[in-house]
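Here is work_17.cif, consisting of mmCIF, C-alpha atoms:
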data_structure
#
loop_
_atom_site.label_atom_id
_atom_site.label_comp_id
_atom_site.auth_asym_id
_atom_site.auth_seq_id
_atom_site.Cartn_x
_atom_site.Cartn_y
_atom_site.Cartn_z
CA MET A 221 81.17 154.53 101.45
CA ALA A 222 81.06 152.22 104.49
CA THR A 223 84.33 150.66 105.61
CA ARG A 224 84.40 146.90 105.15
CA LYS A 225 84.96 144.98 108.36
CA PRO A 226 87.92 142.58 108.34
CA GLY A 227 87.37 138.85 108.21
CA ARG A 228 87.41 137.02 111.52
CA LEU A 229 89.11 133.66 112.16
CA LEU A 230 89.55 131.52 115.27
CA LEU A 231 92.40 129.04 114.86
CA ILE A 232 92.35 126.27 117.49
CA GLY A 233 95.28 123.93 118.09
CA GLY A 234 93.07 120.89 118.85
CA GLY A 235 92.30 119.32 122.21
CA ASP A 236 89.43 121.77 122.76
CA ARG A 237 87.07 119.07 124.07
CA ARG A 238 89.59 117.76 126.61
CA ASP A 239 89.55 120.95 128.68
CA PRO A 240 87.02 120.44 131.51
CA GLU A 241 86.31 124.19 131.45
CA TYR A 242 85.94 124.35 127.64
CA LYS A 243 87.53 127.80 127.66
CA VAL A 244 88.22 127.98 123.92
CA LEU A 245 84.86 126.60 122.81
CA LYS A 246 82.97 128.96 125.12
CA TYR A 247 85.00 131.83 123.69
CA PHE A 248 84.04 130.76 120.17
CA VAL A 249 80.33 130.78 121.01
CA GLU A 250 80.68 134.26 122.53
CA GLN A 251 82.40 135.59 119.42
CA ALA A 252 79.76 133.94 117.22
CA GLY A 253 77.06 135.98 118.94
CA GLY A 254 76.52 134.42 122.36
CA LYS A 255 72.82 133.74 122.88
CA LYS A 256 72.20 134.93 119.32
CA ALA A 257 74.84 132.62 117.83
CA ARG A 258 73.83 130.45 114.92
CA ILE A 259 76.59 127.97 114.15
CA LEU A 260 77.23 125.54 111.30
CA VAL A 261 79.57 122.67 112.23
CA ILE A 262 81.22 121.10 109.18
CA GLY A 263 82.65 117.59 109.53
CA ALA A 264 84.37 117.36 106.14
CA ALA A 265 87.71 116.44 107.77
CA SER A 266 86.37 113.00 108.73
CA ASP A 267 84.78 110.25 106.64
CA GLU A 268 82.63 109.30 109.66
CA PRO A 269 81.89 112.59 111.44
CA GLY A 270 78.54 111.68 113.01
CA ASP A 271 79.59 111.37 116.66
CA THR A 272 81.86 114.40 116.47
CA LEU A 273 79.12 116.58 114.98
CA LYS A 274 76.67 115.49 117.69
CA GLU A 275 79.18 116.27 120.45
CA TYR A 276 79.93 119.77 119.14
CA ARG A 277 76.23 120.45 118.65
CA THR A 278 75.54 119.47 122.27
CA LEU A 279 78.41 121.60 123.59
CA PHE A 280 77.58 124.72 121.58
CA LYS A 281 73.93 124.51 122.61
CA ARG A 282 75.01 124.10 126.24
CA PHE A 283 77.17 127.22 125.96
CA GLY A 284 74.20 129.28 124.79
CA ALA A 285 74.05 129.16 120.99
CA THR A 286 70.49 129.59 119.78
CA GLU A 287 70.90 127.19 116.84
CA VAL A 288 73.53 124.67 115.76
CA LEU A 289 73.39 123.13 112.28
CA THR A 290 75.64 120.30 111.07
CA ALA A 291 76.97 119.20 107.69
CA SER A 292 78.88 115.96 107.16
CA LEU A 293 80.20 116.70 103.65
CA ARG A 294 81.43 113.15 103.05
CA GLU A 295 81.12 113.77 99.30
CA ARG A 296 81.99 116.90 97.37
CA SER A 297 78.55 116.88 95.74
CA GLU A 298 76.97 117.63 99.15
CA ALA A 299 78.65 121.07 99.10
CA GLU A 300 77.02 121.90 95.75
CA THR A 301 73.41 121.66 96.94
CA ASP A 302 70.94 124.46 97.63
CA GLU A 303 70.56 123.14 101.18
CA ALA A 304 74.29 123.55 101.86
CA VAL A 305 74.30 127.14 100.61
CA GLU A 306 71.19 127.94 102.64
CA GLN A 307 72.91 126.67 105.78
CA VAL A 308 75.81 129.08 105.26
CA GLU A 309 73.36 131.93 104.67
CA ALA A 310 71.56 131.22 107.95
CA VAL A 311 74.47 131.27 110.41
CA SER A 312 76.78 133.72 112.16
CA ALA A 313 79.73 131.31 112.41
CA VAL A 314 81.15 128.15 110.85
CA PHE A 315 83.24 125.59 112.74
CA LEU A 316 85.54 123.14 110.88
CA THR A 317 86.23 120.00 112.91
CA GLY A 318 89.49 118.05 113.13
CA GLY A 319 90.57 115.04 111.10
CA ASP A 320 92.38 115.26 107.76
CA GLN A 321 92.98 118.74 106.33
CA LEU A 322 93.25 117.38 102.79
CA ARG A 323 89.67 116.12 103.07
CA ILE A 324 88.56 119.65 103.95
CA THR A 325 90.08 121.26 100.86
CA THR A 326 88.96 118.37 98.66
CA MET A 327 85.34 118.54 99.84
CA LEU A 328 85.00 122.31 100.23
CA ALA A 329 87.32 124.37 98.02
CA GLY A 330 85.65 125.75 94.89
CA THR A 331 82.19 124.40 95.71
CA ARG A 332 79.06 126.53 95.98
CA LEU A 333 79.17 126.22 99.76
CA GLY A 334 82.88 127.03 99.85
CA GLU A 335 82.54 130.10 97.65
CA ARG A 336 79.58 131.50 99.56
CA LEU A 337 81.37 130.90 102.85
CA ARG A 338 84.41 132.80 101.55
CA GLU A 339 82.22 135.69 100.32
CA ARG A 340 80.46 136.08 103.66
CA HIS A 341 83.74 135.87 105.56
CA THR A 342 85.42 138.46 103.33
CA LYS A 343 82.53 140.85 104.00
CA GLY A 344 82.92 140.40 107.75
CA GLU A 345 79.51 138.75 108.08
CA ILE A 346 80.66 135.46 109.56
CA VAL A 347 83.28 134.01 111.94
CA VAL A 348 85.22 131.02 110.58
CA ALA A 349 86.79 128.72 113.18
CA GLY A 350 88.74 125.51 112.81
CA THR A 351 90.28 123.05 115.24
CA SER A 352 93.31 120.85 114.50
CA ALA A 353 92.96 119.93 110.79
CA GLY A 354 90.20 122.53 110.53
CA ALA A 355 92.68 125.24 111.54
CA ALA A 356 95.52 123.85 109.41
CA ALA A 357 93.35 124.04 106.29
CA ILE A 358 92.68 127.77 106.72
CA GLY A 359 96.16 128.98 105.71
CA SER A 360 97.43 129.51 102.18
CA VAL A 361 99.92 126.65 102.59
CA MET A 362 99.06 123.60 104.68
CA ILE A 363 101.23 120.84 106.08
CA LEU A 364 99.89 117.46 104.98
CA GLY A 365 102.36 115.32 106.88
CA GLY A 366 105.85 114.72 108.13
CA PRO A 367 107.62 112.55 110.73
CA SER A 368 107.24 113.62 114.37
CA ASP A 369 110.98 113.09 114.91
CA GLY A 370 112.11 114.69 111.66
CA THR A 371 114.88 117.22 111.27
CA VAL A 372 115.09 120.20 108.90
CA ARG A 373 114.99 118.62 105.45
CA ARG A 374 112.67 119.18 102.50
CA SER A 375 111.71 115.50 102.63
CA ASP A 376 110.48 115.89 106.23
CA VAL A 377 107.43 117.95 105.31
CA VAL A 378 104.69 117.40 102.73
CA LEU A 379 102.90 120.59 101.64
CA GLY A 380 99.65 121.37 99.87
CA ALA A 381 97.46 124.37 99.06
CA GLY A 382 95.11 125.44 101.85
CA LEU A 383 91.80 127.30 101.70
CA GLY A 384 93.67 130.61 101.72
CA TYR A 385 91.66 132.55 104.30
CA MET A 386 95.01 133.84 105.56
CA ARG A 387 97.42 134.90 102.82
CA ASP A 388 101.10 133.91 102.99
CA SER A 389 100.60 131.74 106.06
CA VAL A 390 101.02 128.18 107.27
CA ILE A 391 99.25 126.96 110.42
CA ASP A 392 100.45 123.97 112.45
CA THR A 393 98.41 122.58 115.35
CA HIS A 394 99.08 120.41 118.44
CA PHE A 395 102.32 122.38 118.50
CA ASN A 396 103.38 121.16 121.94
CA GLU A 397 104.10 117.77 120.35
CA ARG A 398 107.57 116.70 119.15
CA GLY A 399 109.01 117.75 115.82
CA ARG A 400 106.65 120.61 114.99
CA GLU A 401 109.29 123.36 115.00
CA SER A 402 111.40 121.46 112.46
CA ARG A 403 108.44 121.14 110.11
CA LEU A 404 107.88 124.90 110.07
CA LEU A 405 111.56 125.63 109.55
CA ALA A 406 111.53 123.34 106.52
CA VAL A 407 108.55 125.30 105.17
CA PHE A 408 110.33 128.64 105.63
CA ALA A 409 113.44 127.41 103.87
CA GLN A 410 111.32 126.87 100.75
CA ASN A 411 108.80 129.72 101.22
CA PRO A 412 110.63 132.68 102.83
CA GLN A 413 107.62 135.02 102.66
CA ILE A 414 105.45 132.76 104.82
CA LEU A 415 104.20 133.64 108.31
CA GLY A 416 104.14 130.49 110.44
CA ILE A 417 101.68 129.96 113.28
CA GLY A 418 102.17 127.07 115.72
CA ILE A 419 99.27 126.56 118.11
CA ASP A 420 99.32 124.36 121.22
CA ALA A 421 96.40 122.08 122.01
CA ASP A 422 93.56 123.70 123.98
CA THR A 423 94.71 127.10 122.71
CA ALA A 424 93.41 129.43 120.01
CA LEU A 425 94.53 132.45 118.02
CA ASP A 426 91.77 135.01 117.42
CA VAL A 427 92.57 136.61 114.07
CA HIS A 428 91.09 139.89 112.86
CA LEU A 429 92.48 140.09 109.34
CA GLY A 430 94.16 143.45 108.82
CA ASP A 431 94.41 143.96 112.59
CA LYS A 432 96.09 142.37 115.62
CA TYR A 433 95.83 138.71 116.65
CA GLU A 434 95.09 137.61 120.23
CA VAL A 435 95.77 134.36 122.11
CA VAL A 436 93.10 132.54 124.15
CA GLY A 437 93.51 129.28 126.10
CA ASN A 438 95.82 127.29 128.32
CA GLY A 439 98.91 126.93 126.08
CA VAL A 440 100.90 129.23 123.81
CA VAL A 441 100.94 130.27 120.19
CA ILE A 442 104.34 130.61 118.52
CA VAL A 443 104.44 132.98 115.58
CA PHE A 444 107.38 132.52 113.22
CA ASP A 445 108.45 135.33 110.92
CA GLY A 446 109.62 133.24 107.99
CA ARG A 447 111.35 136.06 106.09
CA VAL A 448 114.70 134.34 106.44
CA SER A 449 118.03 135.98 105.64
CA PHE A 450 119.51 132.77 104.18
CA SER A 451 118.34 129.39 102.90
CA ASN A 452 120.16 126.71 100.92
CA ALA A 453 116.92 124.93 99.89
CA ALA A 454 117.57 125.42 96.17
CA ARG A 455 121.09 123.98 96.46
CA VAL A 456 120.53 120.66 98.24
CA ARG A 457 118.68 117.40 97.60
CA GLU A 458 115.41 116.67 99.37
CA ASP A 459 117.10 114.27 101.81
CA GLN A 460 119.95 116.64 102.73
CA MET A 461 119.98 118.96 105.73
CA LEU A 462 118.75 122.51 105.20
CA ALA A 463 120.60 125.61 106.34
CA VAL A 464 118.26 128.41 107.43
CA SER A 465 119.11 131.69 109.14
CA GLY A 466 117.23 134.74 110.33
CA VAL A 467 113.93 133.24 111.50
CA GLN A 468 112.35 135.31 114.27
CA LEU A 469 109.80 133.82 116.66
CA HIS A 470 107.31 135.22 119.13
CA VAL A 471 105.99 133.07 122.01
CA LEU A 472 102.53 134.24 123.04
CA PRO A 473 100.51 133.01 126.05
CA GLU A 474 96.92 134.00 126.75
CA GLY A 475 96.30 137.75 126.70
CA TYR A 476 99.25 138.43 124.40
CA GLY A 477 98.95 138.99 120.70
CA PHE A 478 100.74 139.76 117.46
CA ASP A 479 100.62 142.74 115.12
CA PRO A 480 101.14 141.41 111.55
CA GLN A 481 101.59 144.93 110.18
CA LYS A 482 104.52 145.75 112.47
CA MET A 483 105.55 142.08 112.80
CA GLU A 484 105.87 142.36 116.56
CA ILE A 485 104.32 141.17 119.81
CA SER A 486 101.47 143.07 121.47
CA THR A 487 101.28 142.82 125.26
CA PRO A 488 98.53 143.29 127.87
CA PHE A 489 100.68 145.99 129.49
CA GLU A 490 99.77 149.45 128.24
CA GLU A 491 103.01 150.92 129.53
CA TYR A 492 105.17 148.53 127.50
CA ASP A 493 106.94 150.52 124.78
CA MET A 494 108.03 148.30 121.89
CA GLU A 495 110.11 151.02 120.24
CA GLU A 496 111.97 151.63 123.50
CA ALA A 497 112.58 147.89 123.86
CA LYS A 498 114.06 147.76 120.37
CA ALA A 499 116.30 150.74 121.13
CA ASN A 500 117.57 149.15 124.35
CA LYS A 501 118.32 145.92 122.50
CA SER A 502 120.42 147.73 119.90
#
Here is a file; write its structure as structure tokens.
Amino acid sequence: MATRKPGRLLLIGGGDRRDPEYKVLKYFVEQAGGKKARILVIGAASDEPGDTLKEYRTLFKRFGATEVLTASLRERSEAETDEAVEQVEAVSAVFLTGGDQLRITTMLAGTRLGERLRERHTKGEIVVAGTSAGAAAIGSVMILGGPSDGTVRRSDVVLGAGLGYMRDSVIDTHFNERGRESRLLAVFAQNPQILGIGIDADTALDVHLGDKYEVVGNGVVIVFDGRVSFSNAARVREDQMLAVSGVQLHVLPEGYGFDPQKMEISTPFEEYDMEEAKANKS
């Protein structure tokens, strides 16, 4: 029996069109097949995605993709059509644009398009990428909102169910903005099994499910191991401060990665011995 290939995800922290070199978007086209890439850009995150879809189509064609299809998905019914399913069947990659992550799950989850997209991704037939809200929607838990200057309280973060392409995960984007660390800590206090991924703008995490993750771009990705040793979340009111202990974090620039099986950093240096590093630390 043939071994099933793992699903492939590219999680982008936003700001991908502001980079004059378009490093992350060029990388996406390469991973989608380069000159053979056939890409579907889905604008469900916005109620007026026309200009955004045109811009991405122009860029992906410029970077060598052989075909770029677009789908607005301003109504859920659009994702139930034969045409929508046929678009997913015809491509090697799907790109979810930024906007509002709740719109993505509302327009896509459980539809014919959404189910066929999940099936093809699970079989390793298709790359799924998302930027900003598009990336945030890919986790099992998604952050719907919270104040940029909030502290660590349950009331400072609003959560919802994501598309679930990554199990036991929450993805936060534009992570180099204020207040993002506090939001993830509030998530961990309530969901200690969660893996948190904070992605800077103009930066991406290339995820091979069941294998290592790798960072691409000009910023960093911070991976939070949310298996905390202590949380008082069940003992305090929503507006009271949370106590959380035992969160581990890994700061990863381009070329570095993360092994979710071992829950440790992977480096570009072959001679680096993680077990020896642990022994020296102890």
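Considering only C-alpha atoms, the residue among A:Gly334, A:Leu231, A:Gln481, A:Asn452 positioned nearest to Thr301 in chain A is A:Gly334.
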Could you write out as a PyMOL selection string the residues that the PyMOL selection byres ((chain A and resi 248) around 10) matches in the shown file? chain A and resi 229-230+232+243-247+249-254+257+259+280+283+313+315+347-349+424+426
Which is closest to Ile262 in chain A among A:Phe408, A:Tyr276, A:Phe444, A:Tyr385, if we use all atoms listed in the file?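 Among A:Phe408, A:Tyr276, A:Phe444, A:Tyr385, it is A:Tyr276 that comes nearest to Ile262 in chain A.
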With distances taken over all atoms listed in the file, which of A:Asp267, A:Glu309, A:His428, A:Leu279 is nearest to Ser292 in chain A?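 Closest to Ser292 in chain A, using all atoms listed in the file: A:Asp267.
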What gap, in Å, lies between CA of Gln307 in chain A and CA of Thr393 in chain A?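 Going from CA of Gln307 in chain A over to CA of Thr393 in chain A covers 27.5 Å.
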What lies within 6 Å of range 459-471 of chain A using only C-alpha atoms, ignoring chain neighbours under 3 positions off, as number ranges by chain? A: 372-373, 375, 442-446, 448-452
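CA of Leu333 in chain A is positioned 24.6 Å from CA of Gly430 in chain A.
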Would you kindly translate the PyMOL selection byres ((chain A and resi 412-414) around 7) into the concrete residues it picks from this file, as a VMD selection string? chain A and resid 388 to 390 408 to 411 415 to 416 446 to 448
Between CA of Gly384 in chain A and CA of Ile358 in chain A, measure the distance and give it in Å to one decimal.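 That distance, rounded to one decimal, is 5.8 Å.
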Which is closest to Arg282 in chain A among A:Glu295, A:Ala264, A:Lys255, A:Gly418, if we use all atoms listed in the file?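 Residue with the minimum atom-to-atom distance to Arg282 in chain A: A:Lys255.
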Kindly resolve the PyMOL selection byres ((chain A and resi 480) around 9) on the present coordinates and return the residues as a PyMOL selection string. chain A and resi 415+430-433+478-479+481-485
Give me range 437-460 of chain A with N, CA and C atoms filled in, as a PDB file, in the frame of the given file.
ATOM      1  N   GLY A 437      93.350 130.686 125.762  1.00  0.00           N
ATOM      2  CA  GLY A 437      93.510 129.280 126.100  1.00  0.00           C
ATOM      3  C   GLY A 437      94.620 129.004 127.082  1.00  0.00           C
ATOM      4  N   ASN A 438      94.930 127.731 127.256  1.00  0.00           N
ATOM      5  CA  ASN A 438      95.820 127.290 128.320  1.00  0.00           C
ATOM      6  C   ASN A 438      97.271 127.057 127.875  1.00  0.00           C
ATOM      7  N   GLY A 439      97.551 127.122 126.577  1.00  0.00           N
ATOM      8  CA  GLY A 439      98.910 126.930 126.080  1.00  0.00           C
ATOM      9  C   GLY A 439      99.461 128.216 125.485  1.00  0.00           C
ATOM     10  N   VAL A 440     100.326 128.069 124.491  1.00  0.00           N
ATOM     11  CA  VAL A 440     100.900 129.230 123.810  1.00  0.00           C
ATOM     12  C   VAL A 440     100.729 129.091 122.304  1.00  0.00           C
ATOM     13  N   VAL A 441     100.832 130.229 121.648  1.00  0.00           N
ATOM     14  CA  VAL A 441     100.940 130.270 120.190  1.00  0.00           C
ATOM     15  C   VAL A 441     102.325 130.814 119.865  1.00  0.00           C
ATOM     16  N   ILE A 442     103.027 130.132 118.965  1.00  0.00           N
ATOM     17  CA  ILE A 442     104.340 130.610 118.520  1.00  0.00           C
ATOM     18  C   ILE A 442     104.193 131.107 117.094  1.00  0.00           C
ATOM     19  N   VAL A 443     104.497 132.388 116.905  1.00  0.00           N
ATOM     20  CA  VAL A 443     104.440 132.980 115.580  1.00  0.00           C
ATOM     21  C   VAL A 443     105.860 133.080 115.038  1.00  0.00           C
ATOM     22  N   PHE A 444     106.073 132.513 113.864  1.00  0.00           N
ATOM     23  CA  PHE A 444     107.380 132.520 113.220  1.00  0.00           C
ATOM     24  C   PHE A 444     107.355 133.484 112.040  1.00  0.00           C
ATOM     25  N   ASP A 445     108.269 134.453 112.061  1.00  0.00           N
ATOM     26  CA  ASP A 445     108.450 135.330 110.920  1.00  0.00           C
ATOM     27  C   ASP A 445     109.407 134.633 109.959  1.00  0.00           C
ATOM     28  N   GLY A 446     108.842 134.078 108.891  1.00  0.00           N
ATOM     29  CA  GLY A 446     109.620 133.240 107.990  1.00  0.00           C
ATOM     30  C   GLY A 446     110.445 133.978 106.955  1.00  0.00           C
ATOM     31  N   ARG A 447     110.554 135.300 107.071  1.00  0.00           N
ATOM     32  CA  ARG A 447     111.350 136.060 106.090  1.00  0.00           C
ATOM     33  C   ARG A 447     112.838 135.874 106.407  1.00  0.00           C
ATOM     34  N   VAL A 448     113.348 134.720 106.052  1.00  0.00           N
ATOM     35  CA  VAL A 448     114.700 134.340 106.440  1.00  0.00           C
ATOM     36  C   VAL A 448     115.740 135.149 105.685  1.00  0.00           C
ATOM     37  N   SER A 449     116.932 135.265 106.288  1.00  0.00           N
ATOM     38  CA  SER A 449     118.030 135.980 105.640  1.00  0.00           C
ATOM     39  C   SER A 449     118.858 135.053 104.758  1.00  0.00           C
ATOM     40  N   PHE A 450     118.758 133.728 105.013  1.00  0.00           N
ATOM     41  CA  PHE A 450     119.510 132.770 104.180  1.00  0.00           C
ATOM     42  C   PHE A 450     118.817 131.420 104.186  1.00  0.00           C
ATOM     43  N   SER A 451     118.810 130.763 103.026  1.00  0.00           N
ATOM     44  CA  SER A 451     118.340 129.390 102.900  1.00  0.00           C
ATOM     45  C   SER A 451     119.094 128.723 101.759  1.00  0.00           C
ATOM     46  N   ASN A 452     119.476 127.460 101.974  1.00  0.00           N
ATOM     47  CA  ASN A 452     120.160 126.710 100.920  1.00  0.00           C
ATOM     48  C   ASN A 452     119.222 125.710 100.233  1.00  0.00           C
ATOM     49  N   ALA A 453     117.903 125.911 100.373  1.00  0.00           N
ATOM     50  CA  ALA A 453     116.920 124.930  99.890  1.00  0.00           C
ATOM     51  C   ALA A 453     117.056 124.629  98.408  1.00  0.00           C
ATOM     52  N   ALA A 454     117.458 125.618  97.621  1.00  0.00           N
ATOM     53  CA  ALA A 454     117.570 125.420  96.170  1.00  0.00           C
ATOM     54  C   ALA A 454     118.878 124.733  95.786  1.00  0.00           C
ATOM     55  N   ARG A 455     119.761 124.520  96.762  1.00  0.00           N
ATOM     56  CA  ARG A 455     121.090 123.980  96.460  1.00  0.00           C
ATOM     57  C   ARG A 455     121.277 122.534  96.913  1.00  0.00           C
ATOM     58  N   VAL A 456     120.339 121.995  97.684  1.00  0.00           N
ATOM     59  CA  VAL A 456     120.530 120.660  98.240  1.00  0.00           C
ATOM     60  C   VAL A 456     119.427 119.719  97.793  1.00  0.00           C
ATOM     61  N   ARG A 457     119.690 118.405  97.913  1.00  0.00           N
ATOM     62  CA  ARG A 457     118.680 117.400  97.600  1.00  0.00           C
ATOM     63  C   ARG A 457     117.624 117.367  98.700  1.00  0.00           C
ATOM     64  N   GLU A 458     116.504 116.718  98.414  1.00  0.00           N
ATOM     65  CA  GLU A 458     115.410 116.670  99.370  1.00  0.00           C
ATOM     66  C   GLU A 458     115.798 115.990 100.678  1.00  0.00           C
ATOM     67  N   ASP A 459     116.730 115.021 100.610  1.00  0.00           N
ATOM     68  CA  ASP A 459     117.100 114.270 101.810  1.00  0.00           C
ATOM     69  C   ASP A 459     118.289 114.873 102.545  1.00  0.00           C
ATOM     70  N   GLN A 460     118.830 115.998 102.066  1.00  0.00           N
ATOM     71  CA  GLN A 460     119.950 116.640 102.730  1.00  0.00           C
ATOM     72  C   GLN A 460     119.463 117.694 103.733  1.00  0.00           C
TER      73      GLN A 460
END
